[in-house]
$ cat target06.cif   # mmCIF, C-alpha atoms
data_upload
loop_
_atom_site.label_atom_id
_atom_site.label_comp_id
_atom_site.auth_asym_id
_atom_site.auth_seq_id
_atom_site.Cartn_x
_atom_site.Cartn_y
_atom_site.Cartn_z
CA MET F 1 0.00 0.00 0.00
CA LYS F 2 1.28 3.48 -0.85
CA PRO F 3 1.95 5.79 2.09
CA HIS F 4 -0.46 8.58 2.93
CA ILE F 5 1.22 11.96 2.34
CA CYS F 6 -0.02 15.10 4.11
CA PHE F 7 1.16 18.49 2.87
CA VAL F 8 1.38 21.17 5.55
CA GLY F 9 0.94 24.59 3.97
CA LEU F 10 -1.41 27.05 5.63
CA GLU F 11 -1.70 29.16 2.46
CA ASN F 12 -2.20 26.26 0.02
CA LEU F 13 -5.98 26.40 -0.27
CA PRO F 14 -6.13 29.40 -2.67
CA VAL F 15 -4.11 27.35 -5.18
CA LEU F 16 -6.00 24.11 -4.64
CA ALA F 17 -9.55 25.50 -4.49
CA PRO F 18 -10.66 28.09 -7.11
CA GLU F 19 -13.34 29.53 -4.82
CA PHE F 20 -10.63 30.79 -2.45
CA GLU F 21 -8.21 32.08 -5.08
CA GLN F 22 -8.66 35.75 -4.12
CA HIS F 23 -6.25 35.15 -1.22
CA GLY F 24 -2.49 35.59 -1.64
CA ILE F 25 -0.07 32.78 -2.51
CA GLY F 26 3.61 32.19 -3.24
CA GLY F 27 5.76 29.71 -5.11
CA ALA F 28 5.93 27.21 -2.25
CA GLN F 29 2.14 26.96 -2.19
CA VAL F 30 2.03 26.35 -5.95
CA GLN F 31 4.69 23.66 -5.71
CA GLN F 32 3.01 21.81 -2.85
CA THR F 33 -0.31 21.81 -4.69
CA LEU F 34 1.16 20.64 -8.00
CA LEU F 35 2.99 17.82 -6.20
CA ALA F 36 -0.13 16.83 -4.25
CA ARG F 37 -2.16 16.56 -7.45
CA ALA F 38 0.59 14.58 -9.19
CA LEU F 39 0.70 12.09 -6.30
CA VAL F 40 -3.09 11.71 -6.40
CA ARG F 41 -2.83 10.83 -10.10
CA ARG F 42 -0.38 8.08 -9.13
CA GLY F 43 -2.67 6.55 -6.59
CA PHE F 44 -1.27 7.98 -3.34
CA PRO F 45 -3.67 8.94 -0.56
CA VAL F 46 -3.05 12.68 -0.14
CA SER F 47 -4.25 15.29 2.33
CA MET F 48 -3.38 18.85 3.33
CA VAL F 49 -3.31 20.90 6.49
CA VAL F 50 -4.22 24.47 5.57
CA GLY F 51 -5.44 27.64 7.23
CA ASP F 52 -9.07 28.18 8.19
CA TYR F 53 -10.62 30.14 5.31
CA GLY F 54 -14.16 29.22 6.36
CA GLN F 55 -14.11 25.92 4.44
CA GLU F 56 -15.60 22.68 5.74
CA ASP F 57 -13.06 20.57 7.60
CA GLY F 58 -12.30 17.37 5.71
CA ALA F 59 -13.57 18.69 2.35
CA SER F 60 -11.77 17.48 -0.80
CA TRP F 61 -10.52 19.19 -3.95
CA SER F 62 -8.79 17.33 -6.81
CA GLY F 63 -8.68 14.19 -4.67
CA VAL F 64 -6.89 16.00 -1.81
CA ARG F 65 -8.67 15.92 1.56
CA VAL F 66 -8.17 19.18 3.46
CA TYR F 67 -7.99 19.71 7.23
CA LYS F 68 -8.00 23.22 8.65
CA ALA F 69 -5.79 24.56 11.40
CA TYR F 70 -6.53 28.17 12.43
CA ARG F 71 -7.60 31.52 11.00
CA ALA F 72 -4.81 33.94 10.12
CA ARG F 73 -5.71 36.52 12.81
CA GLU F 74 -7.22 34.16 15.34
CA GLY F 75 -6.24 34.45 18.99
CA ILE F 76 -4.60 36.97 21.32
CA PRO F 77 -1.07 38.17 20.40
CA VAL F 78 1.72 36.29 22.21
CA VAL F 79 -0.71 33.76 23.72
CA ARG F 80 -1.88 32.65 20.26
CA PHE F 81 1.53 31.15 19.54
CA VAL F 82 0.40 28.24 21.73
CA TYR F 83 -3.38 28.57 21.44
CA PRO F 84 -4.87 28.44 18.91
CA ARG F 85 -1.91 28.14 16.52
CA TRP F 86 0.18 25.31 17.94
CA THR F 87 -2.73 23.36 19.38
CA LYS F 88 -4.93 23.63 16.28
CA LEU F 89 -2.02 22.76 14.00
CA TRP F 90 -1.40 19.58 15.99
CA GLY F 91 -5.13 18.85 15.96
CA ALA F 92 -5.20 19.06 12.15
CA LEU F 93 -2.10 16.84 11.88
CA GLN F 94 -3.87 14.29 14.09
CA ARG F 95 -7.05 14.32 12.00
CA ALA F 96 -5.05 13.88 8.79
CA ALA F 97 -3.49 10.71 10.27
CA ALA F 98 -0.89 10.51 7.49
CA ASP F 99 2.27 8.42 7.32
CA ILE F 100 4.50 11.23 6.02
CA TYR F 101 4.13 14.98 6.53
CA TYR F 102 5.64 17.28 3.89
CA LEU F 103 6.27 21.00 4.31
CA SER F 104 8.31 23.87 2.87
CA CYS F 105 9.75 27.22 4.00
CA ALA F 106 11.85 28.03 7.05
CA GLY F 107 9.87 28.77 10.19
CA GLY F 108 8.91 27.56 13.61
CA GLN F 109 6.21 25.37 12.08
CA VAL F 110 8.94 22.99 10.85
CA GLY F 111 9.82 22.20 14.45
CA GLN F 112 6.20 21.93 15.53
CA VAL F 113 5.44 19.38 12.80
CA ALA F 114 8.66 17.44 13.47
CA MET F 115 7.84 17.30 17.19
CA TRP F 116 4.32 15.99 16.54
CA ALA F 117 5.65 13.45 14.04
CA ALA F 118 8.25 12.16 16.51
CA ARG F 119 5.67 11.81 19.30
CA ASN F 120 3.31 9.89 17.02
CA GLY F 121 5.66 7.63 15.11
CA ARG F 122 5.35 9.53 11.80
CA ARG F 123 7.98 11.00 9.49
CA MET F 124 8.56 14.40 7.94
CA ILE F 125 10.00 15.62 4.63
CA PHE F 126 11.17 19.24 4.35
CA ARG F 127 11.71 21.04 1.04
CA ILE F 128 13.90 24.14 0.93
CA ALA F 129 12.01 27.14 -0.48
CA SER F 130 14.69 29.86 -0.52
CA ASP F 131 18.47 30.01 -0.38
CA THR F 132 18.18 31.74 3.00
CA ASP F 133 16.50 28.61 4.43
CA CYS F 134 20.00 27.09 4.33
CA GLU F 135 21.96 29.88 6.00
CA PRO F 136 21.64 30.29 9.81
CA ASP F 137 22.83 33.91 9.71
CA ARG F 138 20.42 34.93 6.92
CA VAL F 139 17.34 32.78 7.52
CA LEU F 140 14.18 34.89 7.26
CA ILE F 141 12.75 34.12 10.71
CA SER F 142 12.06 37.01 13.09
CA PHE F 143 12.00 35.39 16.52
CA TRP F 144 14.74 33.42 18.32
CA ARG F 145 12.07 30.96 19.46
CA ASP F 146 11.09 30.17 15.86
CA ARG F 147 14.72 29.89 14.76
CA LYS F 148 15.31 27.23 17.40
CA LEU F 149 12.16 25.37 16.41
CA TYR F 150 13.24 25.48 12.78
CA GLU F 151 16.68 24.07 13.57
CA TYR F 152 15.08 21.37 15.72
CA GLY F 153 12.77 20.38 12.87
CA LEU F 154 15.49 20.41 10.21
CA ARG F 155 17.63 18.00 12.20
CA ARG F 156 14.72 15.62 12.66
CA ALA F 157 13.50 15.61 9.05
CA ALA F 158 13.60 12.14 7.52
CA ALA F 159 14.55 13.76 4.19
CA ILE F 160 15.43 17.24 2.96
CA LEU F 161 14.83 18.26 -0.65
CA ALA F 162 16.59 21.20 -2.34
CA GLN F 163 15.57 23.17 -5.41
CA SER F 164 19.10 23.45 -6.77
CA VAL F 165 22.68 22.27 -6.35
CA LYS F 166 23.45 25.66 -4.80
CA GLN F 167 20.87 25.08 -2.07
CA GLN F 168 22.17 21.55 -1.54
CA THR F 169 25.65 22.96 -0.97
CA LEU F 170 24.40 25.79 1.27
CA MET F 171 22.39 23.42 3.47
CA HIS F 172 25.44 21.19 3.93
CA ARG F 173 27.63 24.19 4.72
CA GLY F 174 25.11 26.02 6.93
CA TYR F 175 23.55 23.21 8.94
CA GLY F 176 25.75 20.22 8.13
CA LEU F 177 22.76 18.39 6.63
CA ASP F 178 22.51 16.42 3.41
CA SER F 179 19.73 16.86 0.88
CA SER F 180 18.63 15.70 -2.56
CA VAL F 181 17.84 17.99 -5.49
CA ALA F 182 14.21 17.81 -6.60
CA SER F 183 13.25 20.22 -9.37
CA SER F 184 10.01 22.16 -9.28
CA LEU F 185 6.86 20.90 -10.96
CA VAL F 186 5.14 22.78 -13.77
CA ASP F 187 1.59 23.58 -14.82
CA VAL F 188 1.68 23.02 -18.59
CA PRO F 189 -0.49 25.56 -20.51
CA GLU F 190 -3.14 24.49 -22.99
CA ARG F 191 -2.09 27.09 -25.56
CA GLN F 192 0.93 29.04 -26.79
CA LEU F 193 0.44 32.54 -28.20
CA GLY F 194 2.53 33.76 -31.12
CA LEU F 195 4.77 36.80 -30.87
CA ALA F 196 2.23 39.12 -32.53
CA GLU F 197 -0.46 38.08 -30.02
CA ARG F 198 1.65 38.98 -26.99
CA ASP F 199 0.69 42.49 -25.94
CA ILE F 200 2.76 42.73 -22.73
CA SER F 201 6.41 43.55 -23.42
CA LEU F 202 7.66 43.20 -19.82
CA LEU F 203 6.13 41.27 -16.96
CA TRP F 204 7.09 41.30 -13.27
CA VAL F 205 5.38 38.94 -10.82
CA SER F 206 6.20 38.54 -7.13
CA ASN F 207 4.99 39.30 -3.65
CA ILE F 208 5.86 42.95 -3.10
CA ARG F 209 8.57 42.90 -0.46
CA GLN F 210 11.75 44.93 -0.16
CA LEU F 211 14.01 41.94 -0.89
CA LYS F 212 12.22 41.50 -4.25
CA ARG F 213 13.37 45.00 -5.31
CA PRO F 214 10.23 46.04 -7.23
CA GLU F 215 11.59 49.58 -7.43
CA ALA F 216 14.18 48.30 -9.92
CA PHE F 217 11.37 47.21 -12.22
CA LEU F 218 9.73 50.63 -11.94
CA GLU F 219 13.02 52.20 -13.01
CA LEU F 220 13.38 49.72 -15.87
CA ALA F 221 9.85 50.28 -17.15
CA GLY F 222 10.30 54.04 -17.01
CA ARG F 223 13.41 53.79 -19.19
CA LEU F 224 11.70 51.62 -21.80
CA ASN F 225 8.66 53.66 -22.78
CA PRO F 226 6.78 52.98 -25.12
CA PHE F 227 7.21 49.25 -24.43
CA THR F 228 4.31 48.03 -22.26
CA ALA F 229 4.99 46.73 -18.75
CA THR F 230 2.78 44.88 -16.27
CA MET F 231 3.41 44.40 -12.56
CA ILE F 232 1.61 41.79 -10.43
CA GLY F 233 2.02 41.37 -6.69
CA GLY F 234 0.29 41.79 -3.35
CA ALA F 235 1.29 43.20 0.01
CA GLN F 236 2.99 41.04 2.62
CA PRO F 237 2.51 41.17 6.40
CA GLY F 238 4.62 43.94 7.86
CA GLU F 239 5.29 45.54 4.47
CA GLN F 240 1.95 47.20 3.70
CA GLY F 241 3.57 50.64 3.72
CA PHE F 242 6.18 49.50 1.22
CA PHE F 243 3.43 48.05 -1.00
CA GLU F 244 1.52 51.35 -0.94
CA ASP F 245 4.67 53.27 -1.83
CA ILE F 246 5.36 51.00 -4.82
CA ARG F 247 1.76 51.26 -5.98
CA ALA F 248 1.85 55.06 -5.75
CA ARG F 249 5.13 55.23 -7.67
CA ALA F 250 3.83 52.83 -10.31
CA ALA F 251 0.94 55.19 -11.04
CA HIS F 252 3.46 57.74 -12.38
CA VAL F 253 5.05 55.31 -14.87
CA GLY F 254 2.99 55.89 -17.98
CA ASN F 255 3.66 52.60 -19.77
CA LEU F 256 3.14 50.45 -16.64
CA SER F 257 -0.02 48.62 -15.60
CA PHE F 258 -0.02 47.81 -11.87
CA ARG F 259 -2.38 44.87 -11.29
CA GLY F 260 -1.80 44.22 -7.59
CA ARG F 261 -2.53 40.71 -6.37
CA LEU F 262 -4.01 38.31 -8.91
CA PRO F 263 -5.13 34.70 -8.43
CA TYR F 264 -2.76 31.99 -9.64
CA ARG F 265 -4.89 31.04 -12.65
CA ALA F 266 -5.31 34.66 -13.76
CA THR F 267 -1.57 35.22 -13.39
CA ASN F 268 -0.89 32.28 -15.70
CA GLU F 269 -3.12 33.90 -18.32
CA VAL F 270 -1.04 37.09 -18.07
CA PHE F 271 2.16 35.05 -18.54
CA GLU F 272 0.75 33.77 -21.85
CA ARG F 273 0.55 37.35 -23.14
CA ALA F 274 4.09 38.35 -22.11
CA ARG F 275 7.18 38.63 -24.31
CA LEU F 276 9.75 38.88 -21.49
CA PHE F 277 9.68 38.12 -17.78
CA VAL F 278 11.81 40.25 -15.44
CA ASN F 279 13.06 39.20 -12.01
CA THR F 280 14.70 41.81 -9.79
CA SER F 281 14.94 39.91 -6.48
CA GLU F 282 18.08 39.87 -4.35
CA ILE F 283 17.14 36.52 -2.74
CA GLU F 284 15.44 33.51 -4.33
CA GLY F 285 15.42 29.77 -4.39
CA PHE F 286 14.42 28.55 -7.82
CA PRO F 287 11.51 30.88 -8.67
CA ASN F 288 8.29 29.20 -9.74
CA THR F 289 7.79 32.23 -11.99
CA PHE F 290 10.78 31.18 -14.12
CA LEU F 291 9.02 27.92 -14.91
CA GLN F 292 5.71 29.68 -15.52
CA ALA F 293 7.54 31.88 -18.04
CA TRP F 294 9.69 29.28 -19.82
CA VAL F 295 6.90 26.76 -20.32
CA ARG F 296 5.05 29.52 -22.20
CA GLY F 297 8.09 30.46 -24.26
CA VAL F 298 8.84 33.64 -22.28
CA PRO F 299 12.58 34.38 -21.83
CA VAL F 300 13.69 35.54 -18.37
CA ILE F 301 15.81 38.62 -17.66
CA SER F 302 17.13 38.33 -14.11
CA PHE F 303 19.72 39.47 -11.60
CA LEU F 304 19.75 35.93 -10.21
CA ASP F 305 20.59 32.80 -12.17
CA PRO F 306 20.12 29.63 -10.07
CA ASP F 307 22.78 27.05 -10.95
CA ASP F 308 23.59 29.20 -14.04
CA VAL F 309 20.66 27.69 -15.91
CA ILE F 310 19.77 30.91 -17.76
CA ARG F 311 23.28 31.33 -19.16
CA ARG F 312 23.90 27.63 -19.71
CA GLU F 313 20.67 26.92 -21.59
CA GLY F 314 20.15 30.32 -23.25
CA LEU F 315 16.78 30.91 -21.57
CA GLY F 316 17.10 34.67 -21.29
CA CYS F 317 19.76 36.98 -19.90
CA ALA F 318 21.42 37.04 -16.48
CA VAL F 319 22.46 40.61 -15.67
CA THR F 320 24.08 42.55 -12.85
CA SER F 321 22.49 46.01 -13.13
CA VAL F 322 19.44 47.86 -14.38
CA ASP F 323 21.59 49.23 -17.22
CA GLU F 324 22.42 45.70 -18.39
CA MET F 325 18.82 44.68 -17.95
CA ALA F 326 17.56 47.56 -20.09
CA SER F 327 20.07 46.74 -22.83
CA ALA F 328 19.06 43.05 -22.88
CA VAL F 329 15.37 43.93 -22.96
CA ARG F 330 15.75 46.40 -25.82
CA ARG F 331 17.67 43.85 -27.89
CA LEU F 332 15.08 41.12 -27.47
CA LEU F 333 12.10 43.42 -27.99
CA THR F 334 13.50 44.89 -31.20
CA ASP F 335 14.97 41.71 -32.72
CA SER F 336 12.09 39.37 -33.48
CA GLN F 337 14.33 36.57 -34.72
CA ALA F 338 16.44 36.61 -31.55
CA TRP F 339 13.28 36.48 -29.43
CA LEU F 340 11.78 33.62 -31.47
CA GLU F 341 14.96 31.55 -31.16
CA MET F 342 15.20 32.16 -27.42
CA SER F 343 11.48 31.46 -26.91
CA ALA F 344 11.85 28.14 -28.74
CA ARG F 345 14.82 27.21 -26.51
CA CYS F 346 12.70 27.93 -23.42
CA ARG F 347 9.89 25.63 -24.57
CA ALA F 348 12.32 22.91 -25.68
CA TYR F 349 14.18 23.03 -22.37
CA MET F 350 10.96 22.69 -20.40
CA ALA F 351 9.76 19.78 -22.54
CA ARG F 352 13.13 18.03 -22.13
CA ARG F 353 13.78 18.73 -18.46
CA TYR F 354 10.39 19.19 -16.83
CA GLY F 355 8.20 16.37 -18.06
CA GLU F 356 6.17 15.21 -15.07
CA GLY F 357 7.67 11.72 -14.96
CA GLU F 358 11.26 12.97 -14.78
CA THR F 359 10.46 15.82 -12.41
CA LEU F 360 8.49 13.61 -10.03
CA ALA F 361 11.17 10.89 -9.78
CA PRO F 362 13.27 12.43 -6.96
CA TYR F 363 10.13 13.10 -4.90
CA LEU F 364 8.99 9.49 -5.29
CA ALA F 365 12.48 8.29 -4.41
CA ALA F 366 12.47 10.38 -1.20
CA ILE F 367 8.97 9.21 -0.26
CA ASN F 368 9.97 5.57 -0.81
CA ARG F 369 13.14 5.99 1.27
CA VAL F 370 11.25 7.63 4.11
CA ALA F 371 8.34 5.18 4.02
CA SER F 372 10.71 2.20 4.11
CA GLY F 373 12.76 3.65 6.95
CA ARG F 374 15.82 4.30 4.77
CA ALA F 375 15.97 8.04 5.40
CA GLY F 376 19.30 9.73 5.15
CA ALA F 377 20.45 8.40 1.78
CA PRO F 378 20.25 11.48 -0.45
CA ALA F 379 22.06 12.01 -3.73
CA PRO F 380 25.64 13.30 -3.46
CA LEU F 381 26.25 17.02 -3.72
CA GLY F 382 25.60 18.12 -7.29
CA GLY F 383 24.00 14.80 -8.12
CA GLN F 384 20.72 15.98 -9.62
CA ALA F 385 21.18 19.44 -11.06
CA GLY F 386 18.66 20.97 -13.44
#
$ encode --input "target06.cif" --output "structure tokens"
Amino acid sequence: MKPHICFVGLENLPVLAPEFEQHGIGGAQVQQTLLARALVRRGFPVSMVVGDYGQEDGASWSGVRVYKAYRAREGIPVVRFVYPRWTKLWGALQRAAADIYYLSCAGGQVGQVAMWAARNGRRMIFRIASDTDCEPDRVLISFWRDRKLYEYGLRRAAAILAQSVKQQTLMHRGYGLDSSVASSLVDVPERQLGLAERDISLLWVSNIRQLKRPEAFLELAGRLNPFTATMIGGAQPGEQGFFEDIRARAAHVGNLSFRGRLPYRATNEVFERARLFVNTSEIEGFPNTFLQAWVRGVPVISFLDPDDVIRREGLGCAVTSVDEMASAVRRLLTDSQAWLEMSARCRAYMARRYGEGETLAPYLAAINRVASGRAGAPAPLGGQAG
């Protein structure tokens, strides 16, 4: 019998269930949901622990049974760390009654899940979401308490999965822990628009946070009038003021359309209309947006190039400044043949490297190791690069 896998992601429901898609998401939520659906198609029993959005507890979407933990703002500050957050999380884990619990992103929740799993004879798989998840001095966790819980959970994970060889190396260097590379999964589009049908010259998609450097995209768009630019992204907790500042500045860039937060499905439709995707972040793992772009034939112009895949495969341009970015954009937007050749490379790379069978293999291998009690046998460093 195949093991029951439970994905723990409190913000997963807006990706899984269309009726809740007005709520914000990130790449980790997309990846957990794509993996959950892929495992369902292969006959695994699959569940999720998510936040309380008002849904019925135990309801199912796409064959995934969903158990709710707590509402985002539920409880009294300070006290709510224990009740309702910790207690309701453990309650949802108990109701799921899975064999293996799978979660992503650094945070105290990693330790809470690991502790529950250890007390109940279950196992946990952790997938690295960002490079900073691997670096104790840069990990994006505010409280000392949560840092200690995260470290506790990491060291008790039955398997750790990395997005890239770089993350694999960083995790070994930062925490002394081994991991296996498991590439991200992809939602394959039903259509591909031709160059003439793509009415968005430049697209930027991310949660609007300071480390994503959206102001660099505003500068870029302002330099490239009359090329059209579109910006998609919502505010993050603690950065509402920054979001409002970016939105106000965007209103003064004449060729820029600021869309704010869009649901995942609507964002994919915007990707189909784009000619180039721009990433300005200073910190990433392997962005889900790169895959959303490449599978639709959209080259990526980025400051970051995970494992040098952009340069190595010719999937866009890796740059070091806004000046270089502007030059690369102008060349590709004014040279149709260069764009067509690069777009074709993007689609060919995705077809070759990101077919579901190949992409799913390292996840299935990790699940089988963990389920059989053979945890701790990951691939060697650099063993499964994309």
$ atom_distance --input "target06.cif" --atom1 "CA of Ala344 (chain F)" --atom2 "CA of Gln192 (chain F)"
11.1 Å
$ resolve_selection --input "target06.cif" --expression "the PyMOL selection byres ((chain F and resi 216) around 10)" --output "number ranges by chain"
F: 212-215, 217-222, 279-281, 321-322, 325
$ resolve_selection --input "target06.cif" --expression "the PyMOL selection byres ((chain F and resi 91) around 12)" --output "list in words"
Val49, Val50, Asp57, Tyr67, Lys68, Ala69, Tyr70, Tyr83, Pro84, Arg85, Trp86, Thr87, Lys88, Leu89, Trp90, Ala92, Leu93, Gln94, Arg95, Ala96, Ala97, Gln112, Val113 and Trp116 of chain F
$ write_last_selection --input "target06.cif" --atoms "C-alpha atoms" --output "PDB file, in the frame of the given file"
ATOM      1  CA  VAL F  49      -3.310  20.900   6.490  1.00  0.00           C
ATOM      2  CA  VAL F  50      -4.220  24.470   5.570  1.00  0.00           C
ATOM      3  CA  ASP F  57     -13.060  20.570   7.600  1.00  0.00           C
ATOM      4  CA  TYR F  67      -7.990  19.710   7.230  1.00  0.00           C
ATOM      5  CA  LYS F  68      -8.000  23.220   8.650  1.00  0.00           C
ATOM      6  CA  ALA F  69      -5.790  24.560  11.400  1.00  0.00           C
ATOM      7  CA  TYR F  70      -6.530  28.170  12.430  1.00  0.00           C
ATOM      8  CA  TYR F  83      -3.380  28.570  21.440  1.00  0.00           C
ATOM      9  CA  PRO F  84      -4.870  28.440  18.910  1.00  0.00           C
ATOM     10  CA  ARG F  85      -1.910  28.140  16.520  1.00  0.00           C
ATOM     11  CA  TRP F  86       0.180  25.310  17.940  1.00  0.00           C
ATOM     12  CA  THR F  87      -2.730  23.360  19.380  1.00  0.00           C
ATOM     13  CA  LYS F  88      -4.930  23.630  16.280  1.00  0.00           C
ATOM     14  CA  LEU F  89      -2.020  22.760  14.000  1.00  0.00           C
ATOM     15  CA  TRP F  90      -1.400  19.580  15.990  1.00  0.00           C
ATOM     16  CA  ALA F  92      -5.200  19.060  12.150  1.00  0.00           C
ATOM     17  CA  LEU F  93      -2.100  16.840  11.880  1.00  0.00           C
ATOM     18  CA  GLN F  94      -3.870  14.290  14.090  1.00  0.00           C
ATOM     19  CA  ARG F  95      -7.050  14.320  12.000  1.00  0.00           C
ATOM     20  CA  ALA F  96      -5.050  13.880   8.790  1.00  0.00           C
ATOM     21  CA  ALA F  97      -3.490  10.710  10.270  1.00  0.00           C
ATOM     22  CA  GLN F 112       6.200  21.930  15.530  1.00  0.00           C
ATOM     23  CA  VAL F 113       5.440  19.380  12.800  1.00  0.00           C
ATOM     24  CA  TRP F 116       4.320  15.990  16.540  1.00  0.00           C
TER      25      TRP F 116
END
$ atom_distance --input "target06.cif" --atom1 "CA of Arg123 (chain F)" --atom2 "CA of Trp144 (chain F)"
25.0 Å
$ atom_distance --input "target06.cif" --atom1 "CA of Ala318 (chain F)" --atom2 "CA of Val278 (chain F)"
10.2 Å
$ resolve_selection --input "target06.cif" --expression "the PyMOL selection byres ((chain F and resi 33) around 9)" --output "list in words"
Phe7, Asn12, Leu13, Val15, Leu16, Ala28, Gln29, Val30, Gln31, Gln32, Leu34, Leu35, Ala36, Arg37 and Ala38 of chain F
$ closest_residue --input "target06.cif" --among "F:Phe277, F:Phe227, F:Tyr354, F:Trp204" --to "Gly254 (chain F)" --atoms "only C-alpha atoms"
F:Phe227
$ residues_around --input "target06.cif" --residues "region 138-143 of chain F" --least-positions-apart "5" --cutoff "10 Å" --atoms "all atoms listed in the file" --output "list in words"
Cys105, Ala106, Gly107, Gly108, Ser130, Asp131, Thr132, Asp133, Lys148 and Tyr150 of chain F
$ residues_around --input "target06.cif" --residues "Glu21 (chain F)" --least-positions-apart "2" --cutoff "10 Å" --atoms "all atoms listed in the file" --output "mmCIF file with C-alpha atoms, keeping the file's coordinate frame"
data_model
loop_
_atom_site.group_PDB
_atom_site.id
_atom_site.type_symbol
_atom_site.label_atom_id
_atom_site.label_comp_id
_atom_site.auth_asym_id
_atom_site.auth_seq_id
_atom_site.Cartn_x
_atom_site.Cartn_y
_atom_site.Cartn_z
ATOM 1 C CA ASN F 12 -2.200 26.260 0.020
ATOM 2 C CA LEU F 13 -5.980 26.400 -0.270
ATOM 3 C CA PRO F 14 -6.130 29.400 -2.670
ATOM 4 C CA VAL F 15 -4.110 27.350 -5.180
ATOM 5 C CA LEU F 16 -6.000 24.110 -4.640
ATOM 6 C CA ALA F 17 -9.550 25.500 -4.490
ATOM 7 C CA PRO F 18 -10.660 28.090 -7.110
ATOM 8 C CA GLU F 19 -13.340 29.530 -4.820
ATOM 9 C CA HIS F 23 -6.250 35.150 -1.220
ATOM 10 C CA GLY F 24 -2.490 35.590 -1.640
ATOM 11 C CA ILE F 25 -0.070 32.780 -2.510
ATOM 12 C CA LEU F 262 -4.010 38.310 -8.910
ATOM 13 C CA PRO F 263 -5.130 34.700 -8.430
ATOM 14 C CA TYR F 264 -2.760 31.990 -9.640
ATOM 15 C CA ARG F 265 -4.890 31.040 -12.650
ATOM 16 C CA ALA F 266 -5.310 34.660 -13.760
#
$ residues_around --input "target06.cif" --residues "Thr359 (chain F)" --least-positions-apart "5" --cutoff "10 Å" --atoms "all atoms listed in the file" --output "list in words"
Leu35, Ala182, Ser183, Ser184, Leu185, Val186, Arg353, Tyr354, Leu364 and Gly386 of chain F
$ decode --input "target06.cif" --residues "region 153-165 of chain F" --atoms "N, CA and C atoms" --output "tab-separated table (two decimals), in the first residue's frame"
chain	number	residue	atom	x	y	z
F	153	GLY	N	13.49	21.12	13.90
F	153	GLY	CA	12.77	20.38	12.87
F	153	GLY	C	13.67	19.91	11.74
F	154	LEU	N	14.56	20.78	11.29
F	154	LEU	CA	15.49	20.41	10.21
F	154	LEU	C	16.26	19.14	10.58
F	155	ARG	N	16.77	19.11	11.79
F	155	ARG	CA	17.63	18.00	12.20
F	155	ARG	C	16.84	16.71	12.45
F	156	ARG	N	15.54	16.81	12.47
F	156	ARG	CA	14.72	15.62	12.66
F	156	ARG	C	13.93	15.25	11.41
F	157	ALA	N	14.15	15.97	10.32
F	157	ALA	CA	13.50	15.61	9.05
F	157	ALA	C	14.05	14.29	8.55
F	158	ALA	N	13.17	13.42	8.09
F	158	ALA	CA	13.60	12.14	7.52
F	158	ALA	C	14.25	12.33	6.16
F	159	ALA	N	13.92	13.43	5.47
F	159	ALA	CA	14.55	13.76	4.19
F	159	ALA	C	14.43	15.26	3.97
F	160	ILE	N	15.44	15.83	3.34
F	160	ILE	CA	15.43	17.24	2.96
F	160	ILE	C	15.60	17.31	1.45
F	161	LEU	N	14.76	18.09	0.79
F	161	LEU	CA	14.83	18.26	-0.65
F	161	LEU	C	15.23	19.70	-0.96
F	162	ALA	N	16.13	19.87	-1.92
F	162	ALA	CA	16.59	21.20	-2.34
F	162	ALA	C	16.09	21.49	-3.75
F	163	GLN	N	15.98	22.77	-4.06
F	163	GLN	CA	15.57	23.17	-5.41
F	163	GLN	C	16.72	23.17	-6.39
F	164	SER	N	17.95	23.27	-5.89
F	164	SER	CA	19.10	23.45	-6.77
F	164	SER	C	20.35	22.89	-6.09
F	165	VAL	N	21.39	22.70	-6.89
F	165	VAL	CA	22.68	22.27	-6.35
F	165	VAL	C	23.22	23.32	-5.39
